[in-house]
Structure formats: structure tokens, C-alpha cells
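Written out below as C-alpha cells is the structure these notes cover.
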Amino acid sequence: MKSKLNKTIDLTIEEGKVYLDRCIKVNSRTDVESILDKTLLGDTLEILSLMPEKFIDLLIVDPPYNIDKDFHGNKFKKSADGIYEEYTKAWIERVLPLLKNAASIYVCCDWKSSIVIASVLKRYFYIQNRITWQREKGRGALYNWKNGMEDIWFATMSKDYTFNVEAVKTRRRVVAPYKVDGKPKDWEETDEGNFRNTYPSNFWDDISIPYWSMPENTAHPTQKPEKLLAKLILASSNEKDIVFDPFLGSGSTSVCAKKLGRHYVGIEQNEQYCVWAEKRLEMADTDKRIQGYEDGVFWERNARK
């Protein structure tokens with residue numbers, strides 16, 4: 001029996017049959033209306049070939065990294081860089097016709113797969129930046145530096161793209177407040193302390209990996225934090241835009257899109273993860289909170305008393 005404080009979503013396929021039944025299988029050419037705000041159950045490479053053209057405003061991809069990993073029975077095997085490059089090209093070439101001309105693309109990776117993925121992305125897209133975020137989780141390494149960072153490549157279909165910088169400011173505590181004529185200069189004095197809203201950089205050290213007491217947490221082995229995805233979605237899409245994730249996992253991209261007033265479409269081949277994704281989407285009907293995001297800004301970790 002887990003603690004009452006443990007909010008991890010880990011119900012079985014049998015327990016979550018009602019959620020699995022909400023997912024749809026795509027076996028023939030489909031249109032946007034039939035897949036909008038849905039979780040698609042099946043193999044990504046097969047389903048991509050059946051989807052409508054130019055419907056995606058924002059693509060967020062968290063593909064299997066090039067490491068041995070067991071995703072609750074679906075095992076991904078580490079391969080040579082050349083084979084992983086072909087795998088990356090395969091999903092990119094299938095998703096390419098689905099992207100609008102002004103679409104933005106974010107691809108998550110670790111440092112090893114980042115080398116391969118970047119080399120492929122630049123053949124198809126305009127690479128705009130590389131985000132590095134601090135991932136404070138995992139064991140140390142005996143013969144190397146502990147891997148505490150991950151990358152997210154930011155690319156676009158063209159030079160015409162959405163970037164809402166005002167929507168992703170970070171609220172940081174001011175350590176040495178500066179005043180002009182006795183008034184705060186570019187910062188705000190509040191009952192909780194002194195704060196400044198700053199423009200975001202491409203290094204993120206304010207992300208918490210989901211853990212057992214957080215409502216967003218699932219038993220997925222590589223779940224991305226909602227706060228991280230919320231930054232991507234707010235910066236690179238507008239309300240009612242369509243956000244697409246071809247490797248949905250436990251549903252974080254779809255959940256954040258829903259909470260932030262966007263449409264979503266996700267593909268996942270693991271029935272267990274589809275159950276967790278749909279459970280979280282149901283929870284988002286009544287709870288729109290995103291940890292670390294409040295009052296239109298992203299709070300620096302531990303900034304509040």
C-alpha cells in the first residue's frame with residue numbers, strides 16, 4: 001500500500017479500461033476533426049503516414065534516446081549512431097508534410113543522441129537554438145561525470161514563426177535590489193520579497209523532475225515535467241493552436257496543451273501509457289494548475305518563502 005501522500009498515477013490497464021477505450025486507432029487516411037484532442041493508439045511511423053497534411057502548429061518530440069530502455073514491456077535497444085540517424089530521419093520525413101509553414105519544432109534528447117539529432121534536424125529545418133535544462137535526478141557515475149543535463153533543440157519550418165517571449169518570463173528573487181530616487185529599478189517590492197521578471201535564457205535550472213507527491217507524476221520512466229512543456233507551448237503557440245506529440249508517453253504534452261487552451265494530438269503505442277495519459281487529461285478538466293507557473297510567470301525554483 002502506498003502512502004496517502006503518494007499521488008503517483010500507476011493504475012493498471014485493467015483498472016483503467018475506461019481510459020484506454022477513449023483512445024482511437026487509425027487504420028486509414030484521417031482528417032483533423034477525427035483526431036483533434038485525442039490520444040492515438042499505435043505505432044508512430046505507421047500512423048504518421050495516415051495523418052492530414054499541414055495541421056500542426058507546434059511539434060514537440062521526446063523520442064526514445066539511443067540507450068537501452070524498457071518502457072513497460074516495449075524495449076528500445078541502443079544502436080550504432082548511423083542506425084539511430086536513420087530512425088530519426090524516418091520520423092522526421094513522415095512528420096514533415098504534417099507541419100504548417102510557420103510551425104515550430106522542439107526535440108528532446110540526451111547529450112549523446114543530441115549529436116545525431118542536431119545533424120539531422122539542420123537538413124530539414126531552421127535551427128534556432130539549443131535549450132539545456134538541469135535534470136536533477138539519477139545515480140552518479142563511477143568513471144565519468146554524472147549526466148545532469150538534457151538538451152531540447154528548437155527549430156522552425158521557416159523564418160516566420162511564433163515566439164511569445166512575454167509569456168515565458170521567469171520571476172526571480174532580487175538579491176541586491178537597486179533603487180533610483182528611492183524607487184525600485186526594474187524590480188517589484190512585495191510582501192513575499194523582492195522580485196524581477198526576466199527574459200528566459202536557453203539554460204533552465206528551475207525545473208523539478210516529477211516525484212511521488214506531485215499530482216502530475218506517473219510511473220513512466222522518462223516523464224517530462226509539465227513546467228518544462230508549458231514553457232515550450234506558451235512560447236511557440238497561441239490559444240487554439242494544435243500541439244502534436246508523436247511519442248506521447250504518459251501524456252505530459254497533451255495535458256499541458258489542454259491546460260493552456262491549445263488543441264492537442266498525441267500518438268502512443270504502449271496501452272499502459274495511454275491509460276495514464278487519458279487519466280491525466282481527465283484530471284485537467286478540473287485542475288489547470290502547472291507546478292511552478294502562476295500569475296502568468298514561471299517562478300524560479302525556491303524563490304518563494
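Each chain of the C-alpha cells is named A, B, ... in the order shown, its residues numbered from 1; ligands are numbered from 1 in display order.
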
Can you list, as a VMD selection string, all residues belonging to region 28-180 of chain A that DSSP tags as helix (DSSP H, G or I)? chain A and resid 32 to 35 44 to 48 81 to 98 111 to 124 165 to 168

Only C-alpha atoms, please: the residues just picked out, written as an mmCIF file, in the first residue's frame.
data_model
loop_
_atom_site.group_PDB
_atom_site.id
_atom_site.type_symbol
_atom_site.label_atom_id
_atom_site.label_comp_id
_atom_site.auth_asym_id
_atom_site.auth_seq_id
_atom_site.Cartn_x
_atom_site.Cartn_y
_atom_site.Cartn_z
ATOM 1 C CA VAL A 32 -8.125 16.744 -38.428
ATOM 2 C CA GLU A 33 -11.610 16.684 -36.900
ATOM 3 C CA SER A 34 -11.448 12.969 -36.139
ATOM 4 C CA ILE A 35 -8.123 13.137 -34.276
ATOM 5 C CA THR A 44 4.051 6.226 -34.670
ATOM 6 C CA LEU A 45 5.746 5.562 -38.011
ATOM 7 C CA GLU A 46 2.645 3.802 -39.337
ATOM 8 C CA ILE A 47 0.120 6.375 -38.099
ATOM 9 C CA LEU A 48 2.097 9.411 -39.320
ATOM 10 C CA ASP A 81 24.877 6.203 -34.499
ATOM 11 C CA GLY A 82 24.153 5.502 -38.164
ATOM 12 C CA ILE A 83 21.133 3.359 -37.328
ATOM 13 C CA TYR A 84 19.804 5.925 -34.855
ATOM 14 C CA GLU A 85 20.269 8.605 -37.508
ATOM 15 C CA GLU A 86 18.121 6.599 -39.938
ATOM 16 C CA TYR A 87 15.476 6.176 -37.223
ATOM 17 C CA THR A 88 15.477 9.958 -36.659
ATOM 18 C CA LYS A 89 15.204 10.623 -40.403
ATOM 19 C CA ALA A 90 12.283 8.172 -40.609
ATOM 20 C CA TRP A 91 10.053 10.017 -38.148
ATOM 21 C CA ILE A 92 11.114 13.459 -39.391
ATOM 22 C CA GLU A 93 10.329 12.669 -43.026
ATOM 23 C CA ARG A 94 6.910 11.309 -42.064
ATOM 24 C CA VAL A 95 6.011 14.279 -39.873
ATOM 25 C CA LEU A 96 7.355 16.923 -42.261
ATOM 26 C CA PRO A 97 4.246 17.070 -44.525
ATOM 27 C CA LEU A 98 2.026 17.475 -41.447
ATOM 28 C CA TRP A 111 23.907 14.598 -24.841
ATOM 29 C CA LYS A 112 24.719 11.512 -26.917
ATOM 30 C CA SER A 113 21.607 11.480 -29.084
ATOM 31 C CA SER A 114 21.803 15.288 -29.316
ATOM 32 C CA ILE A 115 24.844 14.996 -31.583
ATOM 33 C CA VAL A 116 22.966 12.807 -34.055
ATOM 34 C CA ILE A 117 19.620 14.586 -33.846
ATOM 35 C CA ALA A 118 21.082 18.051 -34.454
ATOM 36 C CA SER A 119 22.886 16.868 -37.577
ATOM 37 C CA VAL A 120 19.618 15.529 -38.992
ATOM 38 C CA LEU A 121 17.418 18.461 -37.950
ATOM 39 C CA LYS A 122 19.536 21.017 -39.791
ATOM 40 C CA ARG A 123 18.887 19.219 -43.085
ATOM 41 C CA TYR A 124 15.144 19.821 -42.820
ATOM 42 C CA VAL A 165 8.617 35.886 -25.158
ATOM 43 C CA GLU A 166 6.417 37.875 -22.772
ATOM 44 C CA ALA A 167 4.514 34.669 -21.934
ATOM 45 C CA VAL A 168 7.585 32.845 -20.627
#

Would you kindly return, as a VMD selection string, each protein, DNA or RNA residue with an atom no farther than 8 Å from any atom of Ala303 (chain A), considering only C-alpha atoms and excluding same-chain residues fewer than 4 positions away? chain A and resid 172 to 173 299

Using C-alpha atoms, can you write the selected residues to a file as a PDB file, in the first residue's frame?
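In the end it all went to selection_39.pdb:
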ATOM      1  CA  ARG A 172      13.386  35.623  -9.812  1.00  0.00           C
ATOM      2  CA  ARG A 173      14.219  36.849  -6.353  1.00  0.00           C
ATOM      3  CA  TRP A 299       8.645  31.117 -10.718  1.00  0.00           C
TER       4      TRP A 299
END

Near Lys169 (chain A), counting only C-alpha atoms, which residues have an atom at most 8 Å away, once you skip same-chain residues fewer than 5 positions from it, shown as a PyMOL selection string? chain A and resi 197-200+297-298

Writing out the chosen residues with C-alpha atoms as a PDB file, in the first residue's frame:
ATOM      1  CA  ASN A 197      10.513  39.232 -14.132  1.00  0.00           C
ATOM      2  CA  THR A 198      13.352  38.355 -16.501  1.00  0.00           C
ATOM      3  CA  TYR A 199      13.513  37.216 -20.109  1.00  0.00           C
ATOM      4  CA  PRO A 200      14.251  33.489 -20.424  1.00  0.00           C
ATOM      5  CA  VAL A 297       5.044  33.835 -14.939  1.00  0.00           C
ATOM      6  CA  PHE A 298       7.349  30.917 -14.255  1.00  0.00           C
TER       7      PHE A 298
END

Please indicate the distance in Å from CA of Lys231 (chain A) to CA of Tyr264 (chain A), rounded to one decimal place.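 Taking CA of Lys231 (chain A) and CA of Tyr264 (chain A), their separation equals 15.7 Å.
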
Which residue of A:Val265, A:Ile209, A:Val243, A:Ile233 approaches Arg301 (chain A) most closely, using only C-alpha atoms: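 Of A:Val265, A:Ile209, A:Val243, A:Ile233, the one nearest Arg301 (chain A) is A:Ile209, counting only C-alpha atoms.
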
Between A:Asn101, A:Ser213, A:Ile267, A:Ala230, which residue has the minimum interatomic distance to Ile56 (chain A), considering only C-alpha atoms?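 The answer is A:Asn101, which sits nearest to Ile56 (chain A).
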
Restricting the calculation to only C-alpha atoms, which member of A:Lys100, A:Arg280, A:Lys185, A:Arg29 is positioned closest to Asp241 (chain A)? A:Lys100

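Remark: for Val61 (chain A), the closest of the candidate residues A:Leu260, A:Leu228, A:Ala141, A:Val107 is A:Val107 (distances computed over only C-alpha atoms).
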
Contacts of Glu150 (chain A) at 10 Å (only C-alpha atoms; same-chain gap of 6+ positions) as an NGL selection string: :A and (108-112 or 114 or 131-135)

Got time to write the residues from that selection, C-alpha atoms, as a PDB file, in the first residue's frame?
ATOM      1  CA  CYS A 108      14.261  16.403 -26.574  1.00  0.00           C
ATOM      2  CA  CYS A 109      17.477  14.396 -26.268  1.00  0.00           C
ATOM      3  CA  ASP A 110      20.376  13.471 -24.014  1.00  0.00           C
ATOM      4  CA  TRP A 111      23.907  14.598 -24.841  1.00  0.00           C
ATOM      5  CA  LYS A 112      24.719  11.512 -26.917  1.00  0.00           C
ATOM      6  CA  SER A 114      21.803  15.288 -29.316  1.00  0.00           C
ATOM      7  CA  ILE A 131      17.970  24.645 -24.713  1.00  0.00           C
ATOM      8  CA  THR A 132      19.838  22.844 -21.954  1.00  0.00           C
ATOM      9  CA  TRP A 133      17.940  22.044 -18.799  1.00  0.00           C
ATOM     10  CA  GLN A 134      19.161  20.755 -15.474  1.00  0.00           C
ATOM     11  CA  ARG A 135      17.832  17.298 -14.705  1.00  0.00           C
TER      12      ARG A 135
END

Here is a test: counting only C-alpha atoms, which residue of A:Lys258, A:Lys279, A:Lys54, A:Lys7 is nearest to Leu229 (chain A)?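 The answer is A:Lys258, which sits nearest to Leu229 (chain A).
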
Return the single residue from A:Gly261, A:Gly266, A:Pro184, A:Pro52 that is closest to Ala284 (chain A), with distances computed using only C-alpha atoms.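 Residue with the minimum atom-to-atom distance to Ala284 (chain A): A:Gly261.
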
Which residues, written as a PyMOL selection string, have at least one atom at most 6 Å from Lys78 (chain A), with only C-alpha atoms counted and residues fewer than 4 positions away on the same chain left out? chain A and resi 66-68

Write out as a list in words the residues lying within 8 Å of Tyr273 (chain A), counting only C-alpha atoms and excluding same-chain residues fewer than 3 positions away.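 The filter keeps His220, Gly249, Ser250, Gly251, Glu268, Asn270, Trp276 and Ala277 of chain A.
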
Those same residues, written as an mmCIF file, in the first residue's frame with N, CA and C atoms?
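File again.cif, as written:
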data_model
loop_
_atom_site.group_PDB
_atom_site.id
_atom_site.type_symbol
_atom_site.label_atom_id
_atom_site.label_comp_id
_atom_site.auth_asym_id
_atom_site.auth_seq_id
_atom_site.Cartn_x
_atom_site.Cartn_y
_atom_site.Cartn_z
ATOM 1 N N HIS A 220 5.843 6.327 -15.383
ATOM 2 C CA HIS A 220 6.624 6.330 -16.630
ATOM 3 C C HIS A 220 8.093 6.605 -16.302
ATOM 4 N N GLY A 249 4.071 9.158 -24.620
ATOM 5 C CA GLY A 249 4.361 8.639 -23.285
ATOM 6 C C GLY A 249 3.154 8.744 -22.381
ATOM 7 N N SER A 250 3.346 9.281 -21.176
ATOM 8 C CA SER A 250 2.244 9.359 -20.211
ATOM 9 C C SER A 250 1.418 10.630 -20.363
ATOM 10 N N GLY A 251 1.613 11.360 -21.475
ATOM 11 C CA GLY A 251 0.664 12.406 -21.833
ATOM 12 C C GLY A 251 0.992 13.839 -21.457
ATOM 13 N N GLU A 268 0.769 7.211 -29.055
ATOM 14 C CA GLU A 268 1.485 6.358 -28.101
ATOM 15 C C GLU A 268 1.139 4.898 -28.390
ATOM 16 N N ASN A 270 2.105 2.264 -26.343
ATOM 17 C CA ASN A 270 2.004 1.470 -25.126
ATOM 18 C C ASN A 270 0.644 1.705 -24.464
ATOM 19 N N TRP A 276 -2.606 6.154 -18.573
ATOM 20 C CA TRP A 276 -2.155 7.237 -17.692
ATOM 21 C C TRP A 276 -2.379 8.601 -18.342
ATOM 22 N N ALA A 277 -2.147 8.688 -19.653
ATOM 23 C CA ALA A 277 -2.356 9.955 -20.358
ATOM 24 C C ALA A 277 -3.817 10.391 -20.279
#

Would you pick out the contacts of Leu59 (chain A) at 7 Å or less, using only C-alpha atoms, so that residues sharing its chain but fewer than 5 positions from it are not included, and give the list as a PDB file with C-alpha atoms, in the first residue's frame?
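The result, stored in part04.pdb:
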ATOM      1  CA  SER A 104       7.922  25.329 -34.606  1.00  0.00           C
ATOM      2  CA  ILE A 105       9.661  22.119 -33.560  1.00  0.00           C
ATOM      3  CA  TYR A 106      11.211  21.060 -30.251  1.00  0.00           C
ATOM      4  CA  VAL A 243       0.189  20.876 -30.488  1.00  0.00           C
ATOM      5  CA  PHE A 244       1.340  17.446 -31.673  1.00  0.00           C
ATOM      6  CA  ASP A 245       3.481  14.853 -29.888  1.00  0.00           C
TER       7      ASP A 245
END

One decimal, Å: what's the distance from CA of Asn217 (chain A) over to CA of Asp10 (chain A), could you say?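 So the answer is 8.9 Å.
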